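Report on one structure; see the data block that follows.
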Amino acid sequence: MLATLVAYETVVGCPNLSLIDAVADWLEGHGISCRILVGPEGNRANLFATIGDAAQSGYVLSGHVDVVPAGEPEWQADPFTLRIQGDRLIGRGACDMKGFVAAVLAAVPDLADMAPAVPIHIALSYDEEAGCKGVPHMIAAMPDLCAPPLGCIVGEPTGLVPVLAHKGKAALRLQATGVAGHSSRPDLGANAIHALLPVLVAARAQARALELEGPRDDRFAPPWSSLQIGTVAGGQALNIIPERAEAEIEVRAIAGAAPQELLAPVIEAAEAAGVETDWLSSYPPLALGATEPLSVLVAELSGHAPLPAVSFGTEAGLFQQAGVPAIICGPGDIARAHRPEEYLTLPELRACHEMILELGRRCAG
């Protein structure tokens with residue numbers, strides 16, 4: 001199953017319908033009905049399926065099927081052909097996070113035979129790597145797909161250790177427009193890079209303010225909300241007045257902070273400078289209590305005590321925002337993600353598969 005999934009080059013921002021159709025065929029072949037939810041892009045879709053009675057409250061197993069690009073020269077072979085070296089399963093997305101999806105789908109025949117009284121939902125989303133762009137459309141449709149879920153397990157790689165909290169994120173693009181001309185006559189042009197500078201200064205000031213004066217949460221590393229300017233581009237040549245300039249900025253917000261609100265000083269500076277702003281993505285932080293029923297359940301299923309927090313983000317915060325308790329727990333190590341020769345080990349994959357089967361047994365009563 002993992003080899004099949006890795007073979008689909010579902011790079012973020014690219015079509016994924018062939019993979020989604022193949023998963024739908026697999027599910028329907030085992031008597032599981034599913035809904036393909038095409039996004040506004042038209043060539044990418046989410047998938048939602050239920051094993052059991054959708055009118056009853058159950059558990060969501062959530063994973064994304066998009067992957068980051070695999071153009072690094074350090075790959076030893078085709079990154080979209082799964083390779084086995086010892087106990088390593090190597091391929092783009094093997095760890096982040098087609099391994100979890102493969103463990104879920106491989107469990108479908110057994111889960112279907114169990115006929116769980118408490119349903120198990122499979123939720124596959126697209127463009128998570130671009131800031132969880134696909135899953136909001138599926139979450140919005142959930143009231144028509146199933147009864148309010150009891151909880152959601154997001155299978156990002158955590159070594160099968162449940163994670164209770166993560167930071168939220170918001171990303172913003174800044175675009176400045178000037179008037180091109182010869183650099184010897186700046187009085188006849190307008191420098192777009194110069195227009196962008198006060199906004200970048202405001203962003204840097206906000207980053208320092210969040211670090212030095214903002215709220216802190218020692219569960220995270222670093223324990224404050226962080227802001228960074230990730231990209232800056234503009235200009236054609238040294239002797240041409242730049243006509244356009246742009247930058248991309250992101251904020252990572254600790255639990256309790258609204259990511260977009262933390263960028264308010266940057267937006268104010270942009271408005272004052274006549275610089276356009278465009279939201280690229282946004283998702284909220286996650287914060288689940290250690291004694292919540294979902295936390296206790298997933299700790300028992302995984303055999304690991306929950307970890308208080310991680311700094312990377314997932315769609316779990318979006319599920320929680322929609323009223324569905326959510327937790328992160330999946331196979332592999334996040335340190336292997338987004339790297340050449342990305343891999344998941346066979347024992348990790350098998351352990352995740354067994355965890356899902358144990359959830360099925362509990363749901364079957």
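Going by the structure tokens order, chains are called A, B, ..., each with residues numbered from 1, while ligands are numbered from 1 in the order shown.
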Quick one: residues within 12 Å of Val310 in chain A, only C-alpha atoms counted, chain neighbours fewer than 2 positions away excluded, as a tab-separated table (two decimals) with N, CA, C and O atoms, in the first residue's frame?
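Okay, result.tsv is ready:
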chain	number	residue	atom	x	y	z
A	156	GLU	N	0.52	12.73	11.65
A	156	GLU	CA	1.85	13.27	11.35
A	156	GLU	C	2.91	12.48	12.13
A	156	GLU	O	2.62	11.93	13.20
A	157	PRO	N	4.14	12.44	11.60
A	157	PRO	CA	5.17	11.60	12.24
A	157	PRO	C	5.59	12.12	13.62
A	157	PRO	O	6.21	13.17	13.73
A	158	THR	N	5.26	11.35	14.65
A	158	THR	CA	5.62	11.69	16.03
A	158	THR	C	6.26	10.50	16.74
A	158	THR	O	6.38	10.52	17.97
A	161	VAL	N	4.06	8.75	19.35
A	161	VAL	CA	3.87	9.39	20.66
A	161	VAL	C	2.76	10.43	20.49
A	161	VAL	O	2.88	11.33	19.66
A	162	PRO	N	1.67	10.35	21.25
A	162	PRO	CA	0.61	11.36	21.13
A	162	PRO	C	1.13	12.74	21.48
A	162	PRO	O	1.90	12.91	22.43
A	163	VAL	N	0.71	13.73	20.73
A	163	VAL	CA	1.11	15.12	20.95
A	163	VAL	C	-0.15	15.94	21.20
A	163	VAL	O	-1.10	15.90	20.43
A	164	LEU	N	-0.14	16.72	22.30
A	164	LEU	CA	-1.34	17.42	22.75
A	164	LEU	C	-1.48	18.84	22.19
A	164	LEU	O	-2.59	19.38	22.17
A	165	ALA	N	-0.39	19.45	21.77
A	165	ALA	CA	-0.48	20.85	21.35
A	165	ALA	C	0.54	21.14	20.26
A	165	ALA	O	1.60	20.51	20.19
A	166	HIS	N	0.19	22.10	19.40
A	166	HIS	CA	1.16	22.60	18.43
A	166	HIS	C	0.88	24.07	18.17
A	166	HIS	O	-0.18	24.60	18.51
A	167	LYS	N	1.83	24.74	17.57
A	167	LYS	CA	1.68	26.15	17.24
A	167	LYS	C	0.75	26.32	16.04
A	167	LYS	O	0.62	25.42	15.20
A	168	GLY	N	0.11	27.49	15.96
A	168	GLY	CA	-0.63	27.86	14.79
A	168	GLY	C	0.26	28.65	13.84
A	168	GLY	O	1.40	28.99	14.16
A	217	ASP	N	5.00	30.17	26.49
A	217	ASP	CA	4.47	28.85	26.83
A	217	ASP	C	5.64	27.89	26.75
A	217	ASP	O	6.12	27.56	25.65
A	218	ASP	N	6.13	27.43	27.88
A	218	ASP	CA	7.35	26.63	27.92
A	218	ASP	C	7.19	25.23	27.35
A	218	ASP	O	8.17	24.48	27.27
A	219	ARG	N	5.98	24.87	26.92
A	219	ARG	CA	5.82	23.58	26.24
A	219	ARG	C	6.45	23.61	24.84
A	219	ARG	O	6.75	22.55	24.27
A	220	PHE	N	6.64	24.82	24.29
A	220	PHE	CA	7.12	24.94	22.92
A	220	PHE	C	8.59	25.35	22.88
A	220	PHE	O	9.11	25.93	23.83
A	221	ALA	N	9.21	25.05	21.74
A	221	ALA	CA	10.58	25.52	21.49
A	221	ALA	C	10.58	26.25	20.15
A	221	ALA	O	10.33	25.62	19.11
A	222	PRO	N	10.85	27.57	20.16
A	222	PRO	CA	11.03	28.43	21.32
A	222	PRO	C	9.70	28.67	22.03
A	222	PRO	O	8.63	28.48	21.43
A	223	PRO	N	9.74	29.12	23.27
A	223	PRO	CA	8.50	29.25	24.06
A	223	PRO	C	7.71	30.53	23.78
A	223	PRO	O	6.90	30.92	24.60
A	252	ARG	N	4.41	31.96	13.70
A	252	ARG	CA	4.08	30.70	14.37
A	252	ARG	C	3.60	31.06	15.77
A	252	ARG	O	4.38	31.57	16.59
A	253	ALA	N	2.34	30.79	16.06
A	253	ALA	CA	1.70	31.29	17.28
A	253	ALA	C	1.55	30.20	18.32
A	253	ALA	O	1.09	29.09	18.02
A	254	ILE	N	1.92	30.50	19.56
A	254	ILE	CA	1.71	29.56	20.65
A	254	ILE	C	0.22	29.42	20.92
A	254	ILE	O	-0.59	30.25	20.48
A	255	ALA	N	-0.16	28.38	21.63
A	255	ALA	CA	-1.55	28.15	21.97
A	255	ALA	C	-2.11	29.36	22.71
A	255	ALA	O	-1.46	29.93	23.59
A	285	PRO	N	-3.63	27.27	16.47
A	285	PRO	CA	-2.89	26.33	17.33
A	285	PRO	C	-3.80	25.19	17.80
A	285	PRO	O	-5.02	25.27	17.70
A	286	LEU	N	-3.17	24.16	18.32
A	286	LEU	CA	-3.87	23.03	18.93
A	286	LEU	C	-3.54	23.01	20.42
A	286	LEU	O	-2.39	23.22	20.80
A	287	ALA	N	-4.54	22.73	21.24
A	287	ALA	CA	-4.30	22.57	22.67
A	287	ALA	C	-5.34	21.61	23.22
A	287	ALA	O	-6.52	21.94	23.32
A	306	PRO	N	1.51	10.97	26.49
A	306	PRO	CA	1.49	12.11	25.57
A	306	PRO	C	2.65	13.07	25.78
A	306	PRO	O	3.12	13.28	26.90
A	307	LEU	N	3.09	13.65	24.68
A	307	LEU	CA	4.08	14.72	24.69
A	307	LEU	C	3.32	16.04	24.77
A	307	LEU	O	2.33	16.23	24.07
A	308	PRO	N	3.76	16.99	25.61
A	308	PRO	CA	2.98	18.22	25.78
A	308	PRO	C	2.79	19.02	24.50
A	308	PRO	O	1.70	19.53	24.25
A	312	PHE	N	5.88	22.33	15.14
A	312	PHE	CA	5.32	22.30	13.79
A	312	PHE	C	3.80	22.25	13.86
A	312	PHE	O	3.22	21.96	14.90
A	313	GLY	N	3.15	22.55	12.75
A	313	GLY	CA	1.69	22.63	12.74
A	313	GLY	C	1.05	21.53	11.91
A	313	GLY	O	1.70	20.89	11.08
A	314	THR	N	-0.24	21.33	12.13
A	314	THR	CA	-1.02	20.31	11.42
A	314	THR	C	-2.46	20.80	11.29
A	314	THR	O	-2.83	21.86	11.80
A	327	ILE	N	-5.80	15.24	18.22
A	327	ILE	CA	-4.50	14.89	18.77
A	327	ILE	C	-3.62	14.45	17.61
A	327	ILE	O	-4.12	14.04	16.55
A	328	ILE	N	-2.31	14.54	17.76
A	328	ILE	CA	-1.38	14.12	16.71
A	328	ILE	C	-0.71	12.83	17.16
A	328	ILE	O	-0.21	12.74	18.28
A	329	CYS	N	-0.67	11.84	16.28
A	329	CYS	CA	0.01	10.58	16.60
A	329	CYS	C	0.19	9.78	15.32
A	329	CYS	O	-0.79	9.31	14.73
A	334	ILE	N	9.66	13.37	12.46
A	334	ILE	CA	9.51	14.59	11.66
A	334	ILE	C	10.86	15.07	11.14
A	334	ILE	O	10.92	15.76	10.10
> Per DSSP on the backbone, what are the alpha helix (DSSP H) residues of range 184-324 of chain A, as a ChimeraX atom specification?
Replying inline: /A:192-213,259-262,264-273,293-302,316-321
Let me see the file: selected residues, C-alpha atoms, as a PDB file, in the first residue's frame.
ATOM      1  CA  ALA A 192       9.395  49.304  -5.128  1.00  0.00           C
ATOM      2  CA  ILE A 193      12.084  47.866  -2.866  1.00  0.00           C
ATOM      3  CA  HIS A 194      12.305  51.150  -0.989  1.00  0.00           C
ATOM      4  CA  ALA A 195       8.511  51.071  -0.553  1.00  0.00           C
ATOM      5  CA  LEU A 196       8.765  47.598   0.938  1.00  0.00           C
ATOM      6  CA  LEU A 197      11.475  48.502   3.461  1.00  0.00           C
ATOM      7  CA  PRO A 198       9.316  50.103   6.197  1.00  0.00           C
ATOM      8  CA  VAL A 199       7.049  47.063   6.156  1.00  0.00           C
ATOM      9  CA  LEU A 200      10.020  44.740   6.595  1.00  0.00           C
ATOM     10  CA  VAL A 201      11.271  46.929   9.431  1.00  0.00           C
ATOM     11  CA  ALA A 202       7.848  46.647  11.080  1.00  0.00           C
ATOM     12  CA  ALA A 203       7.965  42.873  10.671  1.00  0.00           C
ATOM     13  CA  ARG A 204      11.371  42.671  12.311  1.00  0.00           C
ATOM     14  CA  ALA A 205      10.177  44.893  15.166  1.00  0.00           C
ATOM     15  CA  GLN A 206       7.131  42.696  15.714  1.00  0.00           C
ATOM     16  CA  ALA A 207       9.338  39.598  15.767  1.00  0.00           C
ATOM     17  CA  ARG A 208      11.466  41.138  18.507  1.00  0.00           C
ATOM     18  CA  ALA A 209       8.398  42.288  20.452  1.00  0.00           C
ATOM     19  CA  LEU A 210       6.898  38.803  20.383  1.00  0.00           C
ATOM     20  CA  GLU A 211      10.161  37.314  21.611  1.00  0.00           C
ATOM     21  CA  LEU A 212      10.873  39.848  24.348  1.00  0.00           C
ATOM     22  CA  GLU A 213       7.433  41.059  25.453  1.00  0.00           C
ATOM     23  CA  PRO A 259      -1.883  33.848  14.239  1.00  0.00           C
ATOM     24  CA  GLN A 260      -3.386  36.461  11.914  1.00  0.00           C
ATOM     25  CA  GLU A 261      -3.761  38.985  14.731  1.00  0.00           C
ATOM     26  CA  LEU A 262      -0.023  38.770  15.431  1.00  0.00           C
ATOM     27  CA  ALA A 264      -1.563  43.233  12.510  1.00  0.00           C
ATOM     28  CA  PRO A 265       1.400  45.656  12.910  1.00  0.00           C
ATOM     29  CA  VAL A 266       2.823  44.417   9.609  1.00  0.00           C
ATOM     30  CA  ILE A 267      -0.489  44.949   7.813  1.00  0.00           C
ATOM     31  CA  GLU A 268      -0.797  48.444   9.297  1.00  0.00           C
ATOM     32  CA  ALA A 269       2.678  49.302   8.040  1.00  0.00           C
ATOM     33  CA  ALA A 270       1.823  47.910   4.609  1.00  0.00           C
ATOM     34  CA  GLU A 271      -1.316  50.028   4.382  1.00  0.00           C
ATOM     35  CA  ALA A 272       0.657  53.124   5.337  1.00  0.00           C
ATOM     36  CA  ALA A 273       3.291  52.368   2.678  1.00  0.00           C
ATOM     37  CA  PRO A 293     -10.870  11.158  26.805  1.00  0.00           C
ATOM     38  CA  LEU A 294      -9.122  11.333  23.422  1.00  0.00           C
ATOM     39  CA  SER A 295      -5.725  11.863  25.087  1.00  0.00           C
ATOM     40  CA  VAL A 296      -6.256   8.881  27.378  1.00  0.00           C
ATOM     41  CA  LEU A 297      -7.472   6.692  24.496  1.00  0.00           C
ATOM     42  CA  VAL A 298      -4.578   7.445  22.150  1.00  0.00           C
ATOM     43  CA  ALA A 299      -2.035   7.002  24.952  1.00  0.00           C
ATOM     44  CA  GLU A 300      -3.477   3.526  25.541  1.00  0.00           C
ATOM     45  CA  LEU A 301      -3.560   2.702  21.820  1.00  0.00           C
ATOM     46  CA  SER A 302       0.004   3.838  21.192  1.00  0.00           C
ATOM     47  CA  ALA A 316      -5.451  19.178  14.137  1.00  0.00           C
ATOM     48  CA  GLY A 317      -5.978  22.801  15.167  1.00  0.00           C
ATOM     49  CA  LEU A 318      -8.603  23.196  12.445  1.00  0.00           C
ATOM     50  CA  PHE A 319     -10.512  20.118  13.625  1.00  0.00           C
ATOM     51  CA  GLN A 320     -10.407  21.418  17.197  1.00  0.00           C
ATOM     52  CA  GLN A 321     -11.595  24.841  16.052  1.00  0.00           C
TER      53      GLN A 321
END
> By how many Å are CA of Ala103 in chain A and CA of Asp144 in chain A apart?
Replying inline: 26.5 Å
> Suppose you want the space between CA of Ala322 in chain A and CA of Leu160 in chain A; what is it in Å?
Replying inline: 24.4 Å
> Hey, what's within 12 Å of range 79-93 of chain A if we count only C-alpha atoms and toss same-chain stuff fewer than 6 positions away? As a PyMOL selection string, please?
Replying inline: chain A and resi 1-12+63-73+99-102+129+156-157+332+334+336-350
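You can rank A:Trp224, A:Trp75, A:Phe48, A:Trp279 by their closest distance to Ser125 in chain A using only C-alpha atoms, and at the top of that list sits A:Phe48.
The gap separating CA of Met97 in chain A from CA of Met138 in chain A is 18.3 Å, in Å to one decimal.
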> Which of range 223-346 of chain A counts as strand (DSSP E or B) under DSSP, as a count of residues only please?
Replying inline: 40
> Of the candidates A:Ala237, A:Val104, A:Leu174, A:Ile139, which shows the shortest atom-to-atom distance to Glu250 in chain A, using only C-alpha atoms?
Replying inline: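 Of A:Ala237, A:Val104, A:Leu174, A:Ile139, the one nearest Glu250 in chain A, counting only C-alpha atoms, is A:Leu174.
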Could you name the residues that touch range 358-365 of chain A at 6 Å or less, counting only C-alpha atoms, but leaving out those on the same chain fewer than 3 positions away, as an mmCIF file with C-alpha atoms, in the first residue's frame?
data_model
loop_
_atom_site.group_PDB
_atom_site.id
_atom_site.type_symbol
_atom_site.label_atom_id
_atom_site.label_comp_id
_atom_site.auth_asym_id
_atom_site.auth_seq_id
_atom_site.Cartn_x
_atom_site.Cartn_y
_atom_site.Cartn_z
ATOM 1 C CA LEU A 111 -11.859 -2.876 10.057
ATOM 2 C CA PRO A 116 -17.463 -1.220 14.449
ATOM 3 C CA ALA A 117 -20.443 0.070 16.420
ATOM 4 C CA VAL A 118 -18.482 3.282 16.907
ATOM 5 C CA MET A 355 -2.558 0.753 16.625
#
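Compared by their closest atoms to Glu292 in chain A, and using only C-alpha atoms, the residues A:Ile20, A:Leu238, A:Ala257, A:Ala326 rank with A:Ala326 nearest.
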> Which residues, written as a PyMOL selection string, have at least one atom at most 7 Å from Gly159 in chain A, with only C-alpha atoms counted and residues fewer than 4 positions away on the same chain left out?
Replying inline: chain A and resi 330-333
Output for the residues just chosen: all heavy atoms as a compact mmCIF listing (two decimals), in the first residue's frame:
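After the write, part.txt holds the following:
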# COMPACT_ATOMS: atom_id res chain seq x y z
N GLY A 330 1.43 9.65 14.87
CA GLY A 330 1.69 8.91 13.65
C GLY A 330 3.09 8.31 13.66
O GLY A 330 3.93 8.65 14.50
N PRO A 331 3.37 7.45 12.70
CA PRO A 331 4.67 6.77 12.66
C PRO A 331 5.77 7.63 12.06
O PRO A 331 5.51 8.53 11.25
CB PRO A 331 4.38 5.57 11.75
CG PRO A 331 3.35 6.09 10.79
CD PRO A 331 2.48 7.02 11.60
N GLY A 332 7.00 7.37 12.45
CA GLY A 332 8.14 8.06 11.87
C GLY A 332 8.62 9.24 12.70
O GLY A 332 8.11 9.53 13.78
N ASP A 333 9.60 9.94 12.16
CA ASP A 333 10.26 11.05 12.84
C ASP A 333 10.19 12.27 11.94
O ASP A 333 10.60 12.22 10.77
CB ASP A 333 11.72 10.68 13.12
CG ASP A 333 12.46 11.70 13.95
OD1 ASP A 333 12.04 12.87 13.97
OD2 ASP A 333 13.48 11.34 14.56
>> Counting only C-alpha atoms, which residue out of A:Thr177, A:Gln228, A:Thr291, A:Gln76 sits closest to Asn191 in chain A?
In response: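 Closest candidate: A:Thr177.
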At a cut-off of 7 Å, using only C-alpha atoms, what residues contact Leu61 in chain A? Leave out same-chain residues fewer than 3 positions from it and give the result as an mmCIF file with N, CA, C and O atoms, in the first residue's frame.
data_model
loop_
_atom_site.group_PDB
_atom_site.id
_atom_site.type_symbol
_atom_site.label_atom_id
_atom_site.label_comp_id
_atom_site.auth_asym_id
_atom_site.auth_seq_id
_atom_site.Cartn_x
_atom_site.Cartn_y
_atom_site.Cartn_z
ATOM 1 N N HIS A 121 -13.804 7.031 10.714
ATOM 2 C CA HIS A 121 -13.813 7.835 9.494
ATOM 3 C C HIS A 121 -12.389 7.990 8.966
ATOM 4 O O HIS A 121 -11.445 8.171 9.739
ATOM 5 N N ILE A 122 -12.244 7.937 7.661
ATOM 6 C CA ILE A 122 -10.966 8.169 7.005
ATOM 7 C C ILE A 122 -11.065 9.500 6.287
ATOM 8 O O ILE A 122 -11.929 9.694 5.419
ATOM 9 N N ALA A 123 -10.200 10.442 6.648
ATOM 10 C CA ALA A 123 -10.233 11.790 6.079
ATOM 11 C C ALA A 123 -8.881 12.092 5.441
ATOM 12 O O ALA A 123 -7.886 12.268 6.150
ATOM 13 N N CYS A 152 -10.377 13.224 16.680
ATOM 14 C CA CYS A 152 -9.624 13.100 15.440
ATOM 15 C C CYS A 152 -8.168 12.805 15.770
ATOM 16 O O CYS A 152 -7.555 13.493 16.592
ATOM 17 N N ILE A 153 -7.615 11.796 15.111
ATOM 18 C CA ILE A 153 -6.192 11.477 15.227
ATOM 19 C C ILE A 153 -5.523 11.889 13.923
ATOM 20 O O ILE A 153 -5.853 11.370 12.856
ATOM 21 N N VAL A 154 -4.608 12.832 14.004
ATOM 22 C CA VAL A 154 -3.850 13.292 12.841
ATOM 23 C C VAL A 154 -2.510 12.555 12.841
ATOM 24 O O VAL A 154 -1.735 12.666 13.799
#
>> Here is a test: counting only C-alpha atoms, which residue of A:Asp127, A:Asp110, A:Glu315, A:Asp187 is nearest to Glu41 in chain A?
In response: A:Asp127
